[in-house]
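*Asks:* Below is target_8.pdb; it holds PDB, C-alpha atoms.
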MODEL        1
ATOM      1  CA  MET A   1      68.695   1.241 -49.165  1.00  0.00           C
ATOM      2  CA  LYS A   2      67.385   1.368 -52.740  1.00  0.00           C
ATOM      3  CA  ILE A   3      65.016   4.032 -54.056  1.00  0.00           C
ATOM      4  CA  TYR A   4      63.232   4.430 -57.393  1.00  0.00           C
ATOM      5  CA  ILE A   5      62.454   7.876 -58.794  1.00  0.00           C
ATOM      6  CA  ALA A   6      59.099   7.925 -60.591  1.00  0.00           C
ATOM      7  CA  TYR A   7      58.492  11.021 -62.701  1.00  0.00           C
ATOM      8  CA  PRO A   8      56.158  11.745 -65.644  1.00  0.00           C
ATOM      9  CA  LEU A   9      58.141  11.636 -68.899  1.00  0.00           C
ATOM     10  CA  THR A  10      55.627  11.767 -71.760  1.00  0.00           C
ATOM     11  CA  GLY A  11      55.576  15.080 -73.584  1.00  0.00           C
ATOM     12  CA  ARG A  12      58.656  16.410 -71.822  1.00  0.00           C
ATOM     13  CA  ASN A  13      61.994  17.232 -73.380  1.00  0.00           C
ATOM     14  CA  PHE A  14      64.626  14.564 -72.644  1.00  0.00           C
ATOM     15  CA  ARG A  15      67.177  17.154 -71.452  1.00  0.00           C
ATOM     16  CA  GLU A  16      64.637  18.656 -69.034  1.00  0.00           C
ATOM     17  CA  VAL A  17      63.824  15.243 -67.566  1.00  0.00           C
ATOM     18  CA  GLU A  18      67.496  14.243 -67.480  1.00  0.00           C
ATOM     19  CA  SER A  19      68.390  17.416 -65.581  1.00  0.00           C
ATOM     20  CA  TYR A  20      65.666  16.805 -62.992  1.00  0.00           C
ATOM     21  CA  ILE A  21      66.499  13.107 -62.555  1.00  0.00           C
ATOM     22  CA  LEU A  22      70.279  13.625 -62.311  1.00  0.00           C
ATOM     23  CA  ASP A  23      69.807  16.377 -59.730  1.00  0.00           C
ATOM     24  CA  ARG A  24      67.634  14.072 -57.588  1.00  0.00           C
ATOM     25  CA  VAL A  25      70.053  11.160 -58.079  1.00  0.00           C
ATOM     26  CA  GLY A  26      72.857  13.355 -56.739  1.00  0.00           C
ATOM     27  CA  THR A  27      70.824  14.388 -53.711  1.00  0.00           C
ATOM     28  CA  LEU A  28      69.595  10.888 -52.929  1.00  0.00           C
ATOM     29  CA  ASN A  29      73.085   9.378 -53.426  1.00  0.00           C
ATOM     30  CA  PHE A  30      74.423  11.989 -51.011  1.00  0.00           C
ATOM     31  CA  PHE A  31      71.833  10.879 -48.440  1.00  0.00           C
ATOM     32  CA  GLY A  32      73.046   7.286 -48.884  1.00  0.00           C
ATOM     33  CA  TYR A  33      70.486   5.777 -51.263  1.00  0.00           C
ATOM     34  CA  GLU A  34      71.215   3.575 -54.260  1.00  0.00           C
ATOM     35  CA  VAL A  35      69.016   5.133 -56.950  1.00  0.00           C
ATOM     36  CA  PHE A  36      67.025   3.578 -59.785  1.00  0.00           C
ATOM     37  CA  HIS A  37      65.248   5.819 -62.293  1.00  0.00           C
ATOM     38  CA  PRO A  38      63.390   5.630 -65.617  1.00  0.00           C
ATOM     39  CA  LEU A  39      66.244   7.071 -67.713  1.00  0.00           C
ATOM     40  CA  ILE A  40      68.630   4.201 -67.044  1.00  0.00           C
ATOM     41  CA  PHE A  41      69.813   2.890 -70.438  1.00  0.00           C
ATOM     42  CA  LYS A  42      67.984   5.641 -72.334  1.00  0.00           C
ATOM     43  CA  SER A  43      70.789   8.021 -73.350  1.00  0.00           C
ATOM     44  CA  HIS A  44      69.971   7.217 -76.994  1.00  0.00           C
ATOM     45  CA  LEU A  45      66.821   9.355 -76.531  1.00  0.00           C
ATOM     46  CA  ARG A  46      68.821  12.551 -75.885  1.00  0.00           C
ATOM     47  CA  LYS A  47      67.684  14.097 -79.181  1.00  0.00           C
ATOM     48  CA  GLU A  48      63.992  13.728 -78.276  1.00  0.00           C
ATOM     49  CA  LYS A  49      62.307  17.102 -77.920  1.00  0.00           C
ATOM     50  CA  SER A  50      59.119  15.459 -76.685  1.00  0.00           C
ATOM     51  CA  LEU A  51      59.252  11.986 -75.122  1.00  0.00           C
ATOM     52  CA  LYS A  52      56.573   9.580 -76.351  1.00  0.00           C
ATOM     53  CA  ALA A  53      54.509   7.155 -74.288  1.00  0.00           C
ATOM     54  CA  GLY A  54      55.764   4.243 -76.371  1.00  0.00           C
ATOM     55  CA  GLY A  55      56.555   3.029 -79.830  1.00  0.00           C
ATOM     56  CA  TYR A  56      60.346   3.270 -79.695  1.00  0.00           C
ATOM     57  CA  LYS A  57      62.208   0.564 -81.628  1.00  0.00           C
ATOM     58  CA  HIS A  58      65.512   0.596 -79.724  1.00  0.00           C
ATOM     59  CA  PRO A  59      65.921  -2.701 -77.814  1.00  0.00           C
ATOM     60  CA  LEU A  60      66.356  -0.848 -74.491  1.00  0.00           C
ATOM     61  CA  SER A  61      63.397   1.471 -74.914  1.00  0.00           C
ATOM     62  CA  CYS A  62      60.859  -0.605 -76.833  1.00  0.00           C
ATOM     63  CA  ASP A  63      57.525  -0.996 -75.056  1.00  0.00           C
ATOM     64  CA  HIS A  64      58.327  -4.418 -73.597  1.00  0.00           C
ATOM     65  CA  ALA A  65      61.787  -3.407 -72.346  1.00  0.00           C
ATOM     66  CA  ILE A  66      60.389  -0.303 -70.635  1.00  0.00           C
ATOM     67  CA  ILE A  67      57.656  -2.096 -68.717  1.00  0.00           C
ATOM     68  CA  GLU A  68      59.858  -5.029 -67.722  1.00  0.00           C
ATOM     69  CA  ARG A  69      62.802  -2.917 -66.608  1.00  0.00           C
ATOM     70  CA  ASP A  70      60.664  -0.419 -64.686  1.00  0.00           C
ATOM     71  CA  PHE A  71      58.799  -3.246 -62.942  1.00  0.00           C
ATOM     72  CA  TRP A  72      62.118  -4.906 -62.091  1.00  0.00           C
ATOM     73  CA  MET A  73      63.414  -1.643 -60.572  1.00  0.00           C
ATOM     74  CA  ILE A  74      60.194  -1.110 -58.568  1.00  0.00           C
ATOM     75  CA  ASN A  75      60.428  -4.703 -57.343  1.00  0.00           C
ATOM     76  CA  HIS A  76      64.038  -4.229 -56.183  1.00  0.00           C
ATOM     77  CA  ALA A  77      63.583  -0.795 -54.627  1.00  0.00           C
ATOM     78  CA  ASP A  78      62.743  -0.304 -50.967  1.00  0.00           C
ATOM     79  CA  ILE A  79      61.195   3.120 -51.534  1.00  0.00           C
ATOM     80  CA  ILE A  80      59.369   4.725 -54.453  1.00  0.00           C
ATOM     81  CA  TYR A  81      59.864   8.494 -54.713  1.00  0.00           C
ATOM     82  CA  MET A  82      57.142   9.813 -57.016  1.00  0.00           C
ATOM     83  CA  ASN A  83      56.958  13.468 -58.005  1.00  0.00           C
ATOM     84  CA  LEU A  84      53.713  14.414 -59.740  1.00  0.00           C
ATOM     85  CA  LEU A  85      53.934  18.159 -59.068  1.00  0.00           C
ATOM     86  CA  ASP A  86      52.641  20.384 -61.861  1.00  0.00           C
ATOM     87  CA  ALA A  87      51.712  17.447 -64.101  1.00  0.00           C
ATOM     88  CA  GLU A  88      49.636  18.686 -67.011  1.00  0.00           C
ATOM     89  CA  LYS A  89      48.175  15.298 -67.935  1.00  0.00           C
ATOM     90  CA  VAL A  90      47.846  11.952 -66.216  1.00  0.00           C
ATOM     91  CA  SER A  91      50.979   9.830 -66.420  1.00  0.00           C
ATOM     92  CA  ILE A  92      49.859   6.274 -67.124  1.00  0.00           C
ATOM     93  CA  GLY A  93      53.436   5.083 -66.534  1.00  0.00           C
ATOM     94  CA  CYS A  94      53.548   6.627 -63.061  1.00  0.00           C
ATOM     95  CA  MET A  95      50.138   5.179 -62.251  1.00  0.00           C
ATOM     96  CA  MET A  96      51.370   1.708 -63.253  1.00  0.00           C
ATOM     97  CA  GLU A  97      54.463   2.204 -61.083  1.00  0.00           C
ATOM     98  CA  LEU A  98      52.285   3.323 -58.172  1.00  0.00           C
ATOM     99  CA  ALA A  99      50.025   0.271 -58.554  1.00  0.00           C
ATOM    100  CA  TRP A 100      53.017  -2.083 -58.671  1.00  0.00           C
ATOM    101  CA  ALA A 101      54.526  -0.399 -55.616  1.00  0.00           C
ATOM    102  CA  TYR A 102      51.252  -0.687 -53.730  1.00  0.00           C
ATOM    103  CA  GLN A 103      50.857  -4.354 -54.677  1.00  0.00           C
ATOM    104  CA  LEU A 104      54.473  -5.088 -53.702  1.00  0.00           C
ATOM    105  CA  ARG A 105      54.034  -3.139 -50.418  1.00  0.00           C
ATOM    106  CA  LYS A 106      56.832  -0.691 -51.167  1.00  0.00           C
ATOM    107  CA  HIS A 107      57.132   2.488 -49.135  1.00  0.00           C
ATOM    108  CA  VAL A 108      55.733   5.186 -51.443  1.00  0.00           C
ATOM    109  CA  VAL A 109      56.690   8.820 -50.915  1.00  0.00           C
ATOM    110  CA  LEU A 110      54.410  10.876 -53.158  1.00  0.00           C
ATOM    111  CA  ILE A 111      54.646  14.565 -53.970  1.00  0.00           C
ATOM    112  CA  MET A 112      51.442  16.026 -55.357  1.00  0.00           C
ATOM    113  CA  GLU A 113      49.676  19.304 -54.863  1.00  0.00           C
ATOM    114  CA  GLU A 114      45.940  19.589 -54.235  1.00  0.00           C
ATOM    115  CA  GLY A 115      44.026  19.743 -57.507  1.00  0.00           C
ATOM    116  CA  ASN A 116      46.728  17.851 -59.436  1.00  0.00           C
ATOM    117  CA  VAL A 117      45.418  15.877 -62.439  1.00  0.00           C
ATOM    118  CA  HIS A 118      46.368  12.701 -60.509  1.00  0.00           C
ATOM    119  CA  ASP A 119      44.443  13.767 -57.389  1.00  0.00           C
ATOM    120  CA  HIS A 120      42.268  10.695 -56.863  1.00  0.00           C
ATOM    121  CA  ALA A 121      41.384   8.516 -53.881  1.00  0.00           C
ATOM    122  CA  PHE A 122      43.342   5.549 -55.303  1.00  0.00           C
ATOM    123  CA  VAL A 123      46.471   7.643 -55.773  1.00  0.00           C
ATOM    124  CA  ARG A 124      46.278   9.261 -52.328  1.00  0.00           C
ATOM    125  CA  GLU A 125      45.576   5.943 -50.593  1.00  0.00           C
ATOM    126  CA  ALA A 126      48.315   4.032 -52.447  1.00  0.00           C
ATOM    127  CA  ALA A 127      50.891   6.489 -51.098  1.00  0.00           C
ATOM    128  CA  ASP A 128      52.329   5.892 -47.637  1.00  0.00           C
ATOM    129  CA  VAL A 129      53.397   9.507 -47.224  1.00  0.00           C
ATOM    130  CA  LEU A 130      52.008  12.435 -49.224  1.00  0.00           C
ATOM    131  CA  PHE A 131      53.781  15.788 -49.467  1.00  0.00           C
ATOM    132  CA  ASP A 132      52.780  18.896 -51.406  1.00  0.00           C
ATOM    133  CA  ASN A 133      56.389  20.005 -51.970  1.00  0.00           C
ATOM    134  CA  GLU A 134      59.777  18.447 -52.684  1.00  0.00           C
ATOM    135  CA  VAL A 135      61.678  20.120 -49.864  1.00  0.00           C
ATOM    136  CA  ASP A 136      59.631  18.324 -47.202  1.00  0.00           C
ATOM    137  CA  ALA A 137      59.752  15.028 -49.104  1.00  0.00           C
ATOM    138  CA  LEU A 138      63.547  15.140 -49.478  1.00  0.00           C
ATOM    139  CA  ASN A 139      63.913  16.132 -45.817  1.00  0.00           C
ATOM    140  CA  TYR A 140      61.846  13.090 -44.879  1.00  0.00           C
ATOM    141  CA  LEU A 141      64.033  10.803 -47.018  1.00  0.00           C
ATOM    142  CA  ARG A 142      67.201  12.307 -45.543  1.00  0.00           C
ATOM    143  CA  LYS A 143      65.973  11.551 -42.035  1.00  0.00           C
ATOM    144  CA  LEU A 144      64.542   8.138 -42.958  1.00  0.00           C
ATOM    145  CA  ILE A 145      67.863   6.702 -44.139  1.00  0.00           C
ATOM    146  CA  LYS A 146      69.546   7.952 -40.974  1.00  0.00           C
ATOM    147  CA  VAL A 147      66.641   6.636 -38.845  1.00  0.00           C
ATOM    148  CA  GLN A 148      66.122   9.974 -37.154  1.00  0.00           C
ATOM    149  CA  TYR A 149      62.855  10.146 -35.293  1.00  0.00           C
ATOM    150  CA  PHE A 150      62.486  13.904 -35.086  1.00  0.00           C
TER
ENDMDL
END
Give the structure from this file in structure tokens form.
*Replies:*
Amino acid sequence: MKIYIAYPLTGRNFREVESYILDRVGTLNFFGYEVFHPLIFKSHLRKEKSLKAGGYKHPLSCDHAIIERDFWMINHADIIYMNLLDAEKVSIGCMMELAWAYQLRKHVVLIMEEGNVHDHAFVREAADVLFDNEVDALNYLRKLIKVQYF
């Protein structure tokens, strides 16, 4: 089963994001998932202290490449795992990914606390399952791939 990790990137340090993503990739691979994520083909951004919302010139991270590749990964994933916890500003990229996932009828597992900057009826309703912490969300995904009904 394929899963896509959606996570706000703009304004964050590349190393911080990379650490989070690689940790989740390891966990989800261990569960049995094939993992897609937004840092695929972006190692050239390692020196970025604050990731930008766009404007990169590299062929693999220019605006067009980012939107096309992320849409392709959402389209090919079975599940979208979106962590919006502690977001300080709205992630337009994550909202696009959520809209695509909703339109494509992907199973969306969303993590978002009450009062989050993304806390909106559209966001809550576009998610299939909403958790307020990662432990419960990862537990759900562990059981889902094993088809455990308890």
*Asks:* Write out as a PyMOL selection string each polymer residue whose atoms come within 8 Å of Glu34 of chain A, counting all atoms listed in the file; drop sequence neighbours fewer than 3 positions from it.
*Replies:* chain A and resi 1-3+28-29
*Asks:* Dump as a Markdown table the rows for residues of segment 34-141 of chain A within 6 Å of segment 12-15 of chain A: closest atom pair and distance in Å with one decimal, all atoms listed in the file counted, ordered by chain and rising residue number.
*Replies:*
| residue | atom | partner | partner_atom | distance |
| --- | --- | --- | --- | --- |
| A:Arg46 | CA | A:Phe14 | CA | 5.7 |
| A:Glu48 | CA | A:Phe14 | CA | 5.7 |
| A:Lys49 | CA | A:Asn13 | CA | 4.6 |
| A:Ser50 | CA | A:Asn13 | CA | 4.7 |
| A:Leu51 | CA | A:Arg12 | CA | 5.6 |
*Asks:* Go ahead and write the selection's residues with C-alpha atoms as an mmCIF file, in the frame of the given file.
*Replies:*
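Here's the written file result_4.cif:
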data_model
loop_
_atom_site.group_PDB
_atom_site.id
_atom_site.type_symbol
_atom_site.label_atom_id
_atom_site.label_comp_id
_atom_site.auth_asym_id
_atom_site.auth_seq_id
_atom_site.Cartn_x
_atom_site.Cartn_y
_atom_site.Cartn_z
ATOM 1 C CA ARG A 46 68.821 12.551 -75.885
ATOM 2 C CA GLU A 48 63.992 13.728 -78.276
ATOM 3 C CA LYS A 49 62.307 17.102 -77.920
ATOM 4 C CA SER A 50 59.119 15.459 -76.685
ATOM 5 C CA LEU A 51 59.252 11.986 -75.122
#
*Asks:* Output as JSON the centre and edge lengths (Å, one decimal) of the box along x, y and z of the file that holds every listed atom of segment 4-23 of chain A after adding 6 Å on each side.
*Replies:*
{"center_x": 62.9, "center_y": 11.5, "center_z": -65.5, "size_x": 26.7, "size_y": 26.2, "size_z": 28.2}
*Asks:* Measuring between all atoms listed in the file, which one of A:Ile66, A:Ala6, A:Leu138, A:Leu39 shows the shortest distance to Cys94 of chain A?
*Replies:*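 Of the candidates, the smallest distance to Cys94 of chain A is held by A:Ala6.
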*Asks:* Which residue is closest to Asn83 of chain A? Choose from A:Ala137, A:Ile21, A:Leu110, A:Val123 and count only C-alpha atoms.
*Replies:*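 Residue with the minimum atom-to-atom distance to Asn83 of chain A: A:Leu110.
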*Asks:* Kindly resolve the PyMOL selection byres ((chain A and resi 118) around 9) on the present coordinates and return the residues as a ChimeraX atom specification.
*Replies:* /A:84,87,89-91,95,112,115-117,119-120,123-124
*Asks:* Step by step, work through what the PyMOL selection byres ((chain A and resi 81) around 6) selects in the shown file, and finish by giving those residues as a PyMOL selection string.
*Replies:* chain A and resi 4-6+80+82+109
*Asks:* For a test of reading the model, state the distance in Å between atom CA of Asp23 of chain A and atom CA of Lys143 of chain A, rounded to one decimal.
*Replies:*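 According to the coordinates, atom CA of Asp23 of chain A and atom CA of Lys143 of chain A are separated by 18.7 Å.
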*Asks:* Let me know the residues the PyMOL selection byres ((chain A and resi 31) around 8) catches in the file above, as number ranges by chain.
*Replies:* A: 27-30, 32-33, 141-142, 145
*Asks:* Which residue is closest to Glu113 of chain A? Choose from A:Ser43, A:Thr10, A:Asn139, A:Asn133 and count only C-alpha atoms.
*Replies:*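 For Glu113 of chain A, the nearest of the candidates is A:Asn133.
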*Asks:* Just checking: using all atoms listed in the file, which residue out of A:Asp78, A:Asp63, A:Glu88, A:Asp128 ends up closest to Gly11 of chain A?
*Replies:*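 Looking at the shortest contact to Gly11 of chain A, the residue is A:Glu88.
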*Asks:* Rank nothing, just name the residue among A:Ala65, A:Ile79, A:Val108, A:Val147 nearest to Val35 of chain A, using only C-alpha atoms.
*Replies:*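 Ranking A:Ala65, A:Ile79, A:Val108, A:Val147 by distance to Val35 of chain A, first place goes to A:Ile79.
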